[in-house]
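Visitor: Have a look at the structure that comes next, please.
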2 protein chains.
Amino acid sequence: MFLFLLWISEIKKCNSANRKTVKIYILVFGPSSLSFRSHTCGELRSDHVGHTVTLCGWVQYLRNDLFVILRDFSGLTQILIPQEESAGHLKAVLCDLTAESVIKVTGTVRQRPAGQENKGMPTGDIEVLAENVEVFNVSRKLPFEIKDFVKKSESLRMQYRYLDLRSSHMQRNLRLRSELVMRMREFLCNVHGFVDVETPTLFKRTPGGAKEFVVPSREPGRFYSLPQSPQQFKQLLMVAGVDRYFQIARCYRDEGSKPDRQPEFTQVDLEMSFVDQTGIMSIVEGLLQYSWPAEKGPIKVPFRTMTHEEAMRDYGVDKPDTRFSMKLIDLSEVFLSTEVEFLRSALSHPGGCVQAVCVPGGAVRKETFPVAGSRPLLGSLRLQCADVLESHGVSLREPSVFHFLWVVDFPLFLPKEDEPEQLESAHHPFTAPLPEDTHLLYTEPHKVRGQHYDLVLNGCEIGGGSIRIHRASEQLHVLKNILREDPSLLSHLLEALDSGAPPHGGIALGLDRLVSIMVGASSIRDVIAFPKSFRGHDIMSCAPDLVSEEELKSYHISVRWPTEQGGGGEEGK
Amino acid sequence: MFLFLLWISEIKKCNSANRKTVKIYILVFGPSSLSFRSHTCGELRSDHVGHTVTLCGWVQYLRNDLFVILRDFSGLTQILIPQEESAGHLKAVLCDLTAESVIKVTGTVRQRPAGQENKGMPTGDIEVLAENVEVFNVSRKLPFEIKDFVKKSESLRMQYRYLDLRSSHMQRNLRLRSELVMRMREFLCNVHGFVDVETPTLFKRTPGGAKEFVVPSREPGRFYSLPQSPQQFKQLLMVAGVDRYFQIARCYRDEGSKPDRQPEFTQVDLEMSFVDQTGIMSIVEGLLQYSWPAEKGPIKVPFRTMTHEEAMRDYGVDKPDTRFSMKLIDLSEVFLSTEVEFLRSALSHPGGCVQAVCVPGGAVRKETFPVAGSRPLLGSLRLQCADVLESHGVSLREPSVFHFLWVVDFPLFLPKEDEPEQLESAHHPFTAPLPEDTHLLYTEPHKVRGQHYDLVLNGCEIGGGSIRIHRASEQLHVLKNILREDPSLLSHLLEALDSGAPPHGGIALGLDRLVSIMVGASSIRDVIAFPKSFRGHDIMSCAPDLVSEEELKSYHISVRWPTEQGGGGEEGK
């Protein structure tokens with residue numbers, strides 16, 4: 001995996017004060033470069049027999065006062081404890097070690113005696129006869145053992161996250177994520193000329209940004225806001241002529257305690273100028289194909305594309321799980337002349353229909369609906385059927401199969417839930433209409449479809465993006481006349497569009513979700529080093545925490561306690 | 001710079017609804033892949049003569065109704081406007097363009113007529129005869145012209161940042177920063193096995209973290225804090241066995257209006273297990289050497305190392321500018337038997353001395369001091385002398401020369417300014433003592449030197465790091481007995497150190513500062529896409545902004561206006 005090379009650098013003066021000792025410095029590439037160790041615990045093989053090596057790691061366990069099993073991120077190595085009397089001190093130190101203590105061992109690699117090889121262990125052909133040991137740290141008794149098969153409660157895992165991360169599967173998840181992102185960067189920067197630009201996270205509150213955290217400043221009443229995405233900045237970068245922007249962007253969303261959401265999360269965020277929808281979709285396909293881990297098998301591009309209308313018709317949802325069929329079937333025509341009263345009644349309503357899901361090896365589940373709005377119900381029924389079938393041993397959704405799907409041609413606007421006469425953006429107000437629908441913006445805006453595209457993986461939305469409106473007049477019309485929002489709140493963006501904005505578009509992929517599906521994790525918490533709990537808490541450090549009224553003074557805020565007495569804030573501690 | 005390859009991908013269904021049109025898709029690598037353009041405005045040469053090309057960009061200016069100079073991020077190309085009557089419409093459209101309008105031009109590359117080449121322009125040998133034009137956007141009259149020689153006020157630049165970024169030097173700065181970071185990632189991930197781990201920015205308030213922004217949560221009185229660095233997390237990752245961590249980390253510091261500081265800034269943050277001070281210093285040297293832009297010339301490693309004591313003695317500062325000499329000279333001995341009264345008096349005080357700076361080609365500037373504390377004054381005098389000399393044409397500090405310097409062996413603790421009996425950490429409480437000074441922790445802590453290292457470039461501190469304390473008992477002694485802090489606030493870290501913590505250390509480099517020195521920018525604002533003003537404002541969008549009392553309710557806070565009437569908060573809008 002790594003290229004190992006050796007060089008002897010210049011002779012270097014020792015750092016400490018005036019002592020003129022010199023050190024000859026050997027620089028090694030790879031994971032053991034510049035380290036106390038010569039090798040990792042996962043790499044020794046029969047080829048190394050006879051070599052003197054130094055390993056550093058954690059004591060996994062001791063066996064029969066004869067072996068120490070030493071672990072680091074890369075695996076395990078068996079250390080043989082010398083039994084001769086002359087090595088009495090060494091033996092005493094090693095046999096005295098508690099599990100999870102940290103040591104450095106120097107010794108000689110030996111072939112294990114015939115019959116004692118462990119084929120299930122990559123280093124199982126060898127062992128290291130200890131000649132020297134240094135104990136860096138002795139571990140106390142831990143709240144749980146670091147063994148993959150030991151079950152731990154979620155709250156214990158979160159409280160001792162630094163122990164939970166020692167498990168081989170969390171190590172694998174974090175490393176796979178790091179490697180994936182590195183490959184993505186190579187593809188975007190080195191292959192396609194993207195510029196990695198960091199955008200601010202202390203920004204102005206977005207109009208209607210109810211889910212944005214606020215950050216008080218030292219000016220009374222004035223707050224920054226932690227943005228939900230770099231949307232405005234990436235469009236401004238296109239106006240600025242940056243041409244191709246990307247960023248692995250930290251985003252913030254205050255959603256209280258929605259399941260499997262995090263108050264801060266990460267987006268692969270990109271934007272391109274002089275490009276159309278097909279161009280963005282192809283870049284994303286190339287990006288995923290290029291960065292996809294080899295161990296997960298190749299993925300095929302282009303991905304399947306489906307219109308929003310098809311998705312709703314056939315799957316009852318805008319993010320269909322296309323790993324299995326069981327499409328929704330419209331049986332209305334079959335029952336047109338039925339005598340069954342409740343079916344007749346349902347069909348007699350405007351838009352009334354009879355729809356079904358055909359469950360393989362089972363019955364047809366049929367649902368009748370007097371009005372439209374049936375599809376989401378049936379779509380969720382379809383997924384429930386799949387769950388039931390799989391719990392009975394029918395294999396529908398193979399975990400190692402990845403079905404990517406583009407969903408396109410979404411409606412640009414939807415009626416507001418509480419005010420159906422009024423329209424709101426289906427995604428955000430910057431999405432451009434389909435070229436052939438643009439004229440409808442001025443006549444029948446509810447019919448306009450947008451140049452928006454969602455990327456769906458195994459029934460989860462993992463990304464969404466659009467071609468943006470690049471003309472100020474069109475953007476103003478959408479904000480003012482269709483959405484009836486105050487355009488002055490976005491005056492800087494409108495001004496920017498009026499200053500020579502190129503046609504542009506982009507996408508954001510949810511990195512946490514993508515990696516969690518890739519590794520088959522049940523929660524995005526398993527692919528984030530230090531996630532928050534359901535309720536947004538860091539259980540390890542107790543964040544969020546109380547802050548004294550004194551400390552809040554410089555931000556000109558005070559706490560409004562729920563049981564307020566007399567209106568003023570109380571001492572926060 | 002880019003590898004150009006062509007392939008024809010599979011035939012792809014058009015996205016829109018049911019129309020069964022097909023598109024043949026050509027994927028090109030490089031900055032024009034998947035784009036409306038075939039080439040960038042900076043790349044055409046004589047080799048391209050005869051080719052039909054499509055360029056997209058901004059109208060830099062029109063000349064004599066004969067030429068349009070078209071610009072994108074990569075440079076300029078001269079577009080020749082056809083003059084035949086048959087091309088009348090095309091000519092009219094082109095001649096009507098305002099500066100900074102955005103167009104797409106298709107045409108044929110021609111050699112410029114002999115004598116009309118422009119040697120100062122990389123594309124100056126050719127021009128493109130326009131055959132077709134599409135106007136994407138017409139630009140209004142802008143507040144300033146996009147020409148490098150046009151002077152703009154700082155506030156105008158900030159207000160119209162999306163225009164300011166169109167300048168060639170800002171384009172260069174952002175691209176150089178992106179490329180530098182990419183090379184750093186390659187070095188750390190691909191060459192040395194580091195893992196890129198994202199750490200949270202919504203965290204718990206650090207004890208004494210007066211400069212940390214607070215973020216109210218939906219639980220009354222409870223706040224997150226935006227951390228100044230991922231210090232605790234990176235140490236916990238080492239305890240977690242991640243072995244080598246790095247992150248291009250967003251950090252936050254609320255410093256009000258210190259000059260050339262930003263409320264959010266970026267660190268190249270790394271941490272390694274099983275490594276000593278020399279190892280970290282070598283990784284950083286390798287990192288900078290590997291990622292240093294070729295155009296800035298090679299840099300030599302290892303960097304020079306100086307103890308804190310030497311730095312203070314010879315330069316009067318802990319971040320010496322070693323591009324020029326003019327060291328401080330102690331003349332006390334020379335004047336031991338002087339008759340001059342004020343010198344005698346100064347020398348008679350305990351620690352009194354006579355020191356001088358020898359200015360080349362000028363006089364010796366001599367300063368006498370009755371007590372110690374003279375060095376910082378003289379150190380700043382040294383820099384002032386350099387300024388004066390350079391303003392008189394003496395070349396001391398060549399802008400293209402980069403002098404890296406390690407400063408080591410800092411004192412671990414310093415007396416508190418307002419309470420000199422009491423010690424505080426010179427850097428932070430996690431720094432380990434020099435091994436030979438460890439015993440002094442328990443007897444004379446003020447004499448302990450730390451395993452801390454600062455990296456200085458041309459007299460600016462661009463990074464700092466240390467080997468950390470990895471034993472819980474030592475960390476507890478430092479917190480409780482020396483610093484007299486409440487150790488319960490760091491109980492999670494103390495528990496972690498007690499759970500098998502490896503020896504570890506790391507460093508953080510200030511990326512904004514490093515890039516600004518590299519490109520010779522006078523302010524870090526010139527290497528950040530959307531910086532805040534001196535006062536922490538985003539002038540373009542008006543952040544921070546007023547937030548209504550209503551919106552603050554869910555965070556259980558209210559604003560304390562400076563002219564409070566009756567104690568309660570008032571409406572914030």
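Residue names in the structure tokens use chain letters A, B, ... in the order shown, residue numbers from 1 in each chain, and ligand numbers from 1 in the order shown.
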Please identify all polymer residues within 12 Å of Met281 in chain B, counting only C-alpha atoms, omitting same-chain residues fewer than 3 positions from it, and present them as a PDB file with N, CA and C atoms, in the first residue's frame.

Guide:
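So around-v6.pdb came out as:
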ATOM      1  N   LYS A  12      21.674  16.609  11.925  1.00  0.00           N
ATOM      2  CA  LYS A  12      20.821  17.622  12.493  1.00  0.00           C
ATOM      3  C   LYS A  12      21.253  17.920  13.909  1.00  0.00           C
ATOM      4  N   CYS A  14      20.892  18.619  17.658  1.00  0.00           N
ATOM      5  CA  CYS A  14      19.878  18.272  18.645  1.00  0.00           C
ATOM      6  C   CYS A  14      19.242  19.562  19.137  1.00  0.00           C
ATOM      7  N   ASN A  15      17.937  19.492  19.416  1.00  0.00           N
ATOM      8  CA  ASN A  15      17.214  20.715  19.738  1.00  0.00           C
ATOM      9  C   ASN A  15      17.589  21.332  21.071  1.00  0.00           C
ATOM     10  N   TYR A  25      19.459  10.915  11.080  1.00  0.00           N
ATOM     11  CA  TYR A  25      18.041  10.834  11.019  1.00  0.00           C
ATOM     12  C   TYR A  25      17.609  10.005   9.823  1.00  0.00           C
ATOM     13  N   LEU A  27      14.590   8.777   7.517  1.00  0.00           N
ATOM     14  CA  LEU A  27      13.203   9.073   7.183  1.00  0.00           C
ATOM     15  C   LEU A  27      12.632   7.932   6.360  1.00  0.00           C
ATOM     16  N   LEU A  34       9.134   8.097  10.841  1.00  0.00           N
ATOM     17  CA  LEU A  34       9.398   9.027  11.942  1.00  0.00           C
ATOM     18  C   LEU A  34       8.828   8.564  13.272  1.00  0.00           C
TER      19      LEU A  34
ATOM     20  N   LEU B 270      -2.379  18.603  12.903  1.00  0.00           N
ATOM     21  CA  LEU B 270      -2.005  17.188  12.863  1.00  0.00           C
ATOM     22  C   LEU B 270      -1.508  16.685  14.210  1.00  0.00           C
ATOM     23  N   GLU B 271      -1.603  15.387  14.385  1.00  0.00           N
ATOM     24  CA  GLU B 271      -1.201  14.747  15.639  1.00  0.00           C
ATOM     25  C   GLU B 271      -0.734  13.331  15.322  1.00  0.00           C
ATOM     26  N   MET B 272       0.328  12.899  16.003  1.00  0.00           N
ATOM     27  CA  MET B 272       0.893  11.570  15.759  1.00  0.00           C
ATOM     28  C   MET B 272       1.149  10.869  17.085  1.00  0.00           C
ATOM     29  N   VAL B 275       5.824   9.129  18.728  1.00  0.00           N
ATOM     30  CA  VAL B 275       6.713  10.024  18.011  1.00  0.00           C
ATOM     31  C   VAL B 275       7.310  11.007  19.001  1.00  0.00           C
ATOM     32  N   ASP B 276       8.484  11.531  18.690  1.00  0.00           N
ATOM     33  CA  ASP B 276       9.068  12.554  19.555  1.00  0.00           C
ATOM     34  C   ASP B 276       9.084  13.886  18.805  1.00  0.00           C
ATOM     35  N   GLN B 277       9.651  14.890  19.501  1.00  0.00           N
ATOM     36  CA  GLN B 277       9.677  16.244  18.950  1.00  0.00           C
ATOM     37  C   GLN B 277      10.350  16.286  17.581  1.00  0.00           C
ATOM     38  N   THR B 278      11.471  15.558  17.454  1.00  0.00           N
ATOM     39  CA  THR B 278      12.193  15.540  16.184  1.00  0.00           C
ATOM     40  C   THR B 278      11.328  14.977  15.065  1.00  0.00           C
ATOM     41  N   VAL B 284       6.814  18.072   9.499  1.00  0.00           N
ATOM     42  CA  VAL B 284       6.411  19.404   9.060  1.00  0.00           C
ATOM     43  C   VAL B 284       7.381  19.925   7.992  1.00  0.00           C
ATOM     44  N   GLU B 285       8.659  19.668   8.195  1.00  0.00           N
ATOM     45  CA  GLU B 285       9.638  20.088   7.181  1.00  0.00           C
ATOM     46  C   GLU B 285       9.353  19.391   5.850  1.00  0.00           C
ATOM     47  N   GLY B 286       9.117  18.077   5.925  1.00  0.00           N
ATOM     48  CA  GLY B 286       8.796  17.335   4.705  1.00  0.00           C
ATOM     49  C   GLY B 286       7.519  17.842   4.059  1.00  0.00           C
ATOM     50  N   LEU B 287       6.534  18.129   4.894  1.00  0.00           N
ATOM     51  CA  LEU B 287       5.234  18.623   4.410  1.00  0.00           C
ATOM     52  C   LEU B 287       5.391  19.917   3.627  1.00  0.00           C
ATOM     53  N   LEU B 288       6.148  20.855   4.194  1.00  0.00           N
ATOM     54  CA  LEU B 288       6.295  22.153   3.530  1.00  0.00           C
ATOM     55  C   LEU B 288       7.149  22.027   2.278  1.00  0.00           C
ATOM     56  N   VAL B 301      15.540  21.806   3.788  1.00  0.00           N
ATOM     57  CA  VAL B 301      15.321  21.242   5.113  1.00  0.00           C
ATOM     58  C   VAL B 301      16.593  20.547   5.562  1.00  0.00           C
ATOM     59  N   PRO B 302      16.843  20.288   6.847  1.00  0.00           N
ATOM     60  CA  PRO B 302      15.999  20.751   7.963  1.00  0.00           C
ATOM     61  C   PRO B 302      16.099  22.265   8.165  1.00  0.00           C
ATOM     62  N   PHE B 303      15.055  22.820   8.792  1.00  0.00           N
ATOM     63  CA  PHE B 303      15.075  24.242   9.102  1.00  0.00           C
ATOM     64  C   PHE B 303      16.038  24.495  10.271  1.00  0.00           C
ATOM     65  N   ARG B 304      16.497  25.723  10.350  1.00  0.00           N
ATOM     66  CA  ARG B 304      17.335  26.112  11.469  1.00  0.00           C
ATOM     67  C   ARG B 304      16.540  26.030  12.776  1.00  0.00           C
ATOM     68  N   THR B 305      17.217  25.660  13.856  1.00  0.00           N
ATOM     69  CA  THR B 305      16.573  25.564  15.167  1.00  0.00           C
ATOM     70  C   THR B 305      17.278  26.483  16.154  1.00  0.00           C
ATOM     71  N   PHE B 404      12.749  29.852   7.221  1.00  0.00           N
ATOM     72  CA  PHE B 404      12.044  29.088   8.249  1.00  0.00           C
ATOM     73  C   PHE B 404      12.950  28.912   9.462  1.00  0.00           C
ATOM     74  N   LEU B 405      12.337  28.892  10.624  1.00  0.00           N
ATOM     75  CA  LEU B 405      13.094  28.751  11.869  1.00  0.00           C
ATOM     76  C   LEU B 405      12.241  28.052  12.914  1.00  0.00           C
ATOM     77  N   TRP B 406      12.814  27.052  13.563  1.00  0.00           N
ATOM     78  CA  TRP B 406      12.160  26.457  14.727  1.00  0.00           C
ATOM     79  C   TRP B 406      12.647  27.164  15.982  1.00  0.00           C
ATOM     80  N   VAL B 407      11.750  27.540  16.841  1.00  0.00           N
ATOM     81  CA  VAL B 407      12.125  28.021  18.171  1.00  0.00           C
ATOM     82  C   VAL B 407      11.658  26.966  19.173  1.00  0.00           C
ATOM     83  N   VAL B 408      12.591  26.520  20.019  1.00  0.00           N
ATOM     84  CA  VAL B 408      12.296  25.409  20.936  1.00  0.00           C
ATOM     85  C   VAL B 408      12.676  25.763  22.365  1.00  0.00           C
ATOM     86  N   GLN B 451       8.293  20.693  25.943  1.00  0.00           N
ATOM     87  CA  GLN B 451       8.571  20.131  24.617  1.00  0.00           C
ATOM     88  C   GLN B 451       7.660  20.831  23.604  1.00  0.00           C
ATOM     89  N   HIS B 452       7.797  22.128  23.560  1.00  0.00           N
ATOM     90  CA  HIS B 452       6.994  22.944  22.651  1.00  0.00           C
ATOM     91  C   HIS B 452       7.906  23.480  21.557  1.00  0.00           C
ATOM     92  N   TYR B 453       7.349  23.615  20.351  1.00  0.00           N
ATOM     93  CA  TYR B 453       8.124  24.142  19.224  1.00  0.00           C
ATOM     94  C   TYR B 453       7.256  25.086  18.428  1.00  0.00           C
ATOM     95  N   ASP B 454       7.799  26.224  18.127  1.00  0.00           N
ATOM     96  CA  ASP B 454       7.112  27.189  17.266  1.00  0.00           C
ATOM     97  C   ASP B 454       7.810  27.190  15.925  1.00  0.00           C
ATOM     98  N   LEU B 455       7.018  27.286  14.857  1.00  0.00           N
ATOM     99  CA  LEU B 455       7.608  27.442  13.532  1.00  0.00           C
ATOM    100  C   LEU B 455       7.450  28.898  13.101  1.00  0.00           C
ATOM    101  N   GLY B 463       3.192  28.556  13.107  1.00  0.00           N
ATOM    102  CA  GLY B 463       2.713  27.307  13.676  1.00  0.00           C
ATOM    103  C   GLY B 463       3.297  27.068  15.040  1.00  0.00           C
ATOM    104  N   GLY B 464       2.642  26.189  15.775  1.00  0.00           N
ATOM    105  CA  GLY B 464       3.149  25.828  17.079  1.00  0.00           C
ATOM    106  C   GLY B 464       2.594  24.483  17.474  1.00  0.00           C
ATOM    107  N   GLY B 465       3.392  23.750  18.242  1.00  0.00           N
ATOM    108  CA  GLY B 465       2.907  22.445  18.676  1.00  0.00           C
ATOM    109  C   GLY B 465       3.747  21.932  19.805  1.00  0.00           C
ATOM    110  N   SER B 466       3.433  20.728  20.231  1.00  0.00           N
ATOM    111  CA  SER B 466       4.174  20.165  21.357  1.00  0.00           C
ATOM    112  C   SER B 466       3.983  18.666  21.424  1.00  0.00           C
ATOM    113  N   ILE B 467       4.882  18.039  22.159  1.00  0.00           N
ATOM    114  CA  ILE B 467       4.629  16.696  22.652  1.00  0.00           C
ATOM    115  C   ILE B 467       3.726  16.884  23.871  1.00  0.00           C
ATOM    116  N   GLY B 505       2.086  13.663  20.071  1.00  0.00           N
ATOM    117  CA  GLY B 505       2.367  15.084  19.915  1.00  0.00           C
ATOM    118  C   GLY B 505       1.887  15.549  18.567  1.00  0.00           C
ATOM    119  N   GLY B 506       1.885  16.852  18.381  1.00  0.00           N
ATOM    120  CA  GLY B 506       1.376  17.366  17.112  1.00  0.00           C
ATOM    121  C   GLY B 506       1.719  18.818  16.911  1.00  0.00           C
ATOM    122  N   ILE B 507       1.062  19.398  15.958  1.00  0.00           N
ATOM    123  CA  ILE B 507       1.311  20.793  15.619  1.00  0.00           C
ATOM    124  C   ILE B 507       0.110  21.327  14.868  1.00  0.00           C
ATOM    125  N   ALA B 508      -0.038  22.641  14.882  1.00  0.00           N
ATOM    126  CA  ALA B 508      -1.041  23.302  14.045  1.00  0.00           C
ATOM    127  C   ALA B 508      -0.347  24.429  13.308  1.00  0.00           C
ATOM    128  N   LEU B 509      -0.541  24.471  11.997  1.00  0.00           N
ATOM    129  CA  LEU B 509       0.002  25.567  11.187  1.00  0.00           C
ATOM    130  C   LEU B 509      -1.131  26.509  10.800  1.00  0.00           C
TER     131      LEU B 509
END

Visitor: Pick out each residue of range 266-345 of chain B that DSSP on the backbone tags as strand (DSSP E); I need them as a PyMOL selection string.

Guide: chain B and resi 266-273+304-307+328-330

Visitor: Residues of the last selection are to be written out with N, CA, C and O atoms, as an mmCIF file, in the first residue's frame.

Guide:
data_model
loop_
_atom_site.group_PDB
_atom_site.id
_atom_site.type_symbol
_atom_site.label_atom_id
_atom_site.label_comp_id
_atom_site.auth_asym_id
_atom_site.auth_seq_id
_atom_site.Cartn_x
_atom_site.Cartn_y
_atom_site.Cartn_z
ATOM 1 N N THR B 266 -8.229 29.053 9.535
ATOM 2 C CA THR B 266 -7.998 27.660 9.168
ATOM 3 C C THR B 266 -6.620 27.185 9.616
ATOM 4 O O THR B 266 -5.632 27.886 9.417
ATOM 5 N N GLN B 267 -6.602 26.012 10.227
ATOM 6 C CA GLN B 267 -5.360 25.409 10.685
ATOM 7 C C GLN B 267 -5.092 24.109 9.937
ATOM 8 O O GLN B 267 -6.005 23.326 9.734
ATOM 9 N N VAL B 268 -3.837 23.886 9.588
ATOM 10 C CA VAL B 268 -3.400 22.548 9.199
ATOM 11 C C VAL B 268 -3.049 21.856 10.505
ATOM 12 O O VAL B 268 -2.054 22.179 11.139
ATOM 13 N N ASP B 269 -3.915 20.957 10.920
ATOM 14 C CA ASP B 269 -3.857 20.433 12.274
ATOM 15 C C ASP B 269 -3.447 18.962 12.214
ATOM 16 O O ASP B 269 -4.076 18.178 11.504
ATOM 17 N N LEU B 270 -2.379 18.603 12.903
ATOM 18 C CA LEU B 270 -2.005 17.188 12.863
ATOM 19 C C LEU B 270 -1.508 16.685 14.210
ATOM 20 O O LEU B 270 -1.071 17.472 15.067
ATOM 21 N N GLU B 271 -1.603 15.387 14.385
ATOM 22 C CA GLU B 271 -1.201 14.747 15.639
ATOM 23 C C GLU B 271 -0.734 13.331 15.322
ATOM 24 O O GLU B 271 -1.287 12.672 14.441
ATOM 25 N N MET B 272 0.328 12.899 16.003
ATOM 26 C CA MET B 272 0.893 11.570 15.759
ATOM 27 C C MET B 272 1.149 10.869 17.085
ATOM 28 O O MET B 272 1.526 11.504 18.067
ATOM 29 N N SER B 273 0.994 9.549 17.074
ATOM 30 C CA SER B 273 1.346 8.741 18.235
ATOM 31 C C SER B 273 2.739 8.156 18.046
ATOM 32 O O SER B 273 3.212 8.020 16.915
ATOM 33 N N ARG B 304 16.497 25.723 10.350
ATOM 34 C CA ARG B 304 17.335 26.112 11.469
ATOM 35 C C ARG B 304 16.540 26.030 12.776
ATOM 36 O O ARG B 304 15.341 26.287 12.789
ATOM 37 N N THR B 305 17.217 25.660 13.856
ATOM 38 C CA THR B 305 16.573 25.564 15.167
ATOM 39 C C THR B 305 17.278 26.483 16.154
ATOM 40 O O THR B 305 18.506 26.596 16.130
ATOM 41 N N MET B 306 16.504 27.149 16.986
ATOM 42 C CA MET B 306 17.056 28.092 17.959
ATOM 43 C C MET B 306 16.291 27.925 19.267
ATOM 44 O O MET B 306 15.082 27.713 19.240
ATOM 45 N N THR B 307 16.984 27.997 20.377
ATOM 46 C CA THR B 307 16.231 27.912 21.629
ATOM 47 C C THR B 307 15.556 29.260 21.896
ATOM 48 O O THR B 307 15.975 30.310 21.395
ATOM 49 N N LEU B 328 21.033 41.703 18.623
ATOM 50 C CA LEU B 328 21.252 42.516 19.815
ATOM 51 C C LEU B 328 22.615 42.142 20.405
ATOM 52 O O LEU B 328 22.977 40.971 20.477
ATOM 53 N N ILE B 329 23.378 43.179 20.802
ATOM 54 C CA ILE B 329 24.705 42.924 21.360
ATOM 55 C C ILE B 329 24.726 43.457 22.780
ATOM 56 O O ILE B 329 24.292 44.584 23.037
ATOM 57 N N ASP B 330 25.242 42.645 23.683
ATOM 58 C CA ASP B 330 25.329 43.089 25.076
ATOM 59 C C ASP B 330 26.668 43.805 25.288
ATOM 60 O O ASP B 330 27.729 43.200 25.145
#

Visitor: Between B:Gln111, B:Ser86, B:Gln289, B:Ser325, which residue has the minimum interatomic distance to Arg45 in chain B, considering only C-alpha atoms?

Guide: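 Using only C-alpha atoms, the shortest distance to Arg45 in chain B belongs to B:Gln111.
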
Visitor: What are the DSSP helix (DSSP H, G or I) residues of range 443-538 of chain B, as an MDAnalysis selection string?

Guide: chainID B and resid 445:447 472:482 487:497 511:519 524:527

Visitor: Given only C-alpha atoms as the basis, pick out the residue of B:Lys300, B:Arg250, B:Arg560, B:Lys234 nearest to chain A.

Guide: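 For chain A, the nearest of the candidates is B:Arg560.
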
Visitor: Excluding range 478-490 of chain B and its own-chain neighbours fewer than 2 positions away, which residues fall within 8 Å of it when counting only C-alpha atoms? Please give them as an mmCIF file with C-alpha atoms, in the first residue's frame.

Guide:
data_model
loop_
_atom_site.group_PDB
_atom_site.id
_atom_site.type_symbol
_atom_site.label_atom_id
_atom_site.label_comp_id
_atom_site.auth_asym_id
_atom_site.auth_seq_id
_atom_site.Cartn_x
_atom_site.Cartn_y
_atom_site.Cartn_z
ATOM 1 C CA PRO B 207 -12.313 26.382 31.010
ATOM 2 C CA GLN B 422 0.743 32.232 40.345
ATOM 3 C CA LEU B 423 1.826 30.343 37.190
ATOM 4 C CA GLU B 424 -0.083 29.948 33.939
ATOM 5 C CA SER B 425 0.712 27.810 30.881
ATOM 6 C CA PRO B 429 -1.802 22.883 29.912
ATOM 7 C CA LEU B 441 7.536 19.908 37.927
ATOM 8 C CA PRO B 445 7.861 24.371 38.125
ATOM 9 C CA GLU B 474 1.189 14.151 35.447
ATOM 10 C CA GLN B 475 -1.677 15.990 33.744
ATOM 11 C CA LEU B 476 -3.624 16.099 36.993
ATOM 12 C CA HIS B 492 -13.095 13.275 30.168
ATOM 13 C CA LEU B 493 -9.523 13.992 29.040
ATOM 14 C CA LEU B 494 -8.012 12.800 32.327
#

Visitor: For Gln83 in chain B, please output as a ChimeraX atom specification all residues within 12 Å (counting only C-alpha atoms; exclusion window: fewer than 5 positions along the same chain).

Guide: /B:64-67,88-92,94-95,129-131

Visitor: Which residue out of A:Gly379, A:Gly30, A:Pro433, A:Pro411 has the minimum interatomic distance to chain B when only C-alpha atoms are used?

Guide: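 Nearest candidate to chain B out of A:Gly379, A:Gly30, A:Pro433, A:Pro411: A:Gly30.
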
Visitor: Which residues are near Val239 in chain B? Cut-off 8 Å, only C-alpha atoms, ignore same chain within fewer than 2 positions. Put them as a PyMOL selection string.

Guide: (chain A and resi 162-163) or (chain B and resi 235-237+241-242+496-497+499-502)

Visitor: Export, as a PDB file, in the first residue's frame, the selected residues with C-alpha atoms.

Guide:
ATOM      1  CA  TYR A 162     -12.196   7.253  22.523  1.00  0.00           C
ATOM      2  CA  LEU A 163     -12.500   3.585  23.508  1.00  0.00           C
TER       3      LEU A 163
ATOM      4  CA  GLN B 235      -5.537  14.031  21.662  1.00  0.00           C
ATOM      5  CA  LEU B 236      -8.624  11.839  22.140  1.00  0.00           C
ATOM      6  CA  LEU B 237      -8.091  10.446  18.623  1.00  0.00           C
ATOM      7  CA  GLY B 241      -5.675   4.498  18.388  1.00  0.00           C
ATOM      8  CA  VAL B 242      -6.129   6.511  15.192  1.00  0.00           C
ATOM      9  CA  ALA B 496      -8.931   9.120  28.558  1.00  0.00           C
ATOM     10  CA  LEU B 497      -5.252   9.474  29.510  1.00  0.00           C
ATOM     11  CA  SER B 499      -7.295   4.405  29.597  1.00  0.00           C
ATOM     12  CA  GLY B 500      -4.144   3.551  27.683  1.00  0.00           C
ATOM     13  CA  ALA B 501      -2.964   6.790  26.071  1.00  0.00           C
ATOM     14  CA  PRO B 502       0.045   6.471  23.774  1.00  0.00           C
TER      15      PRO B 502
END
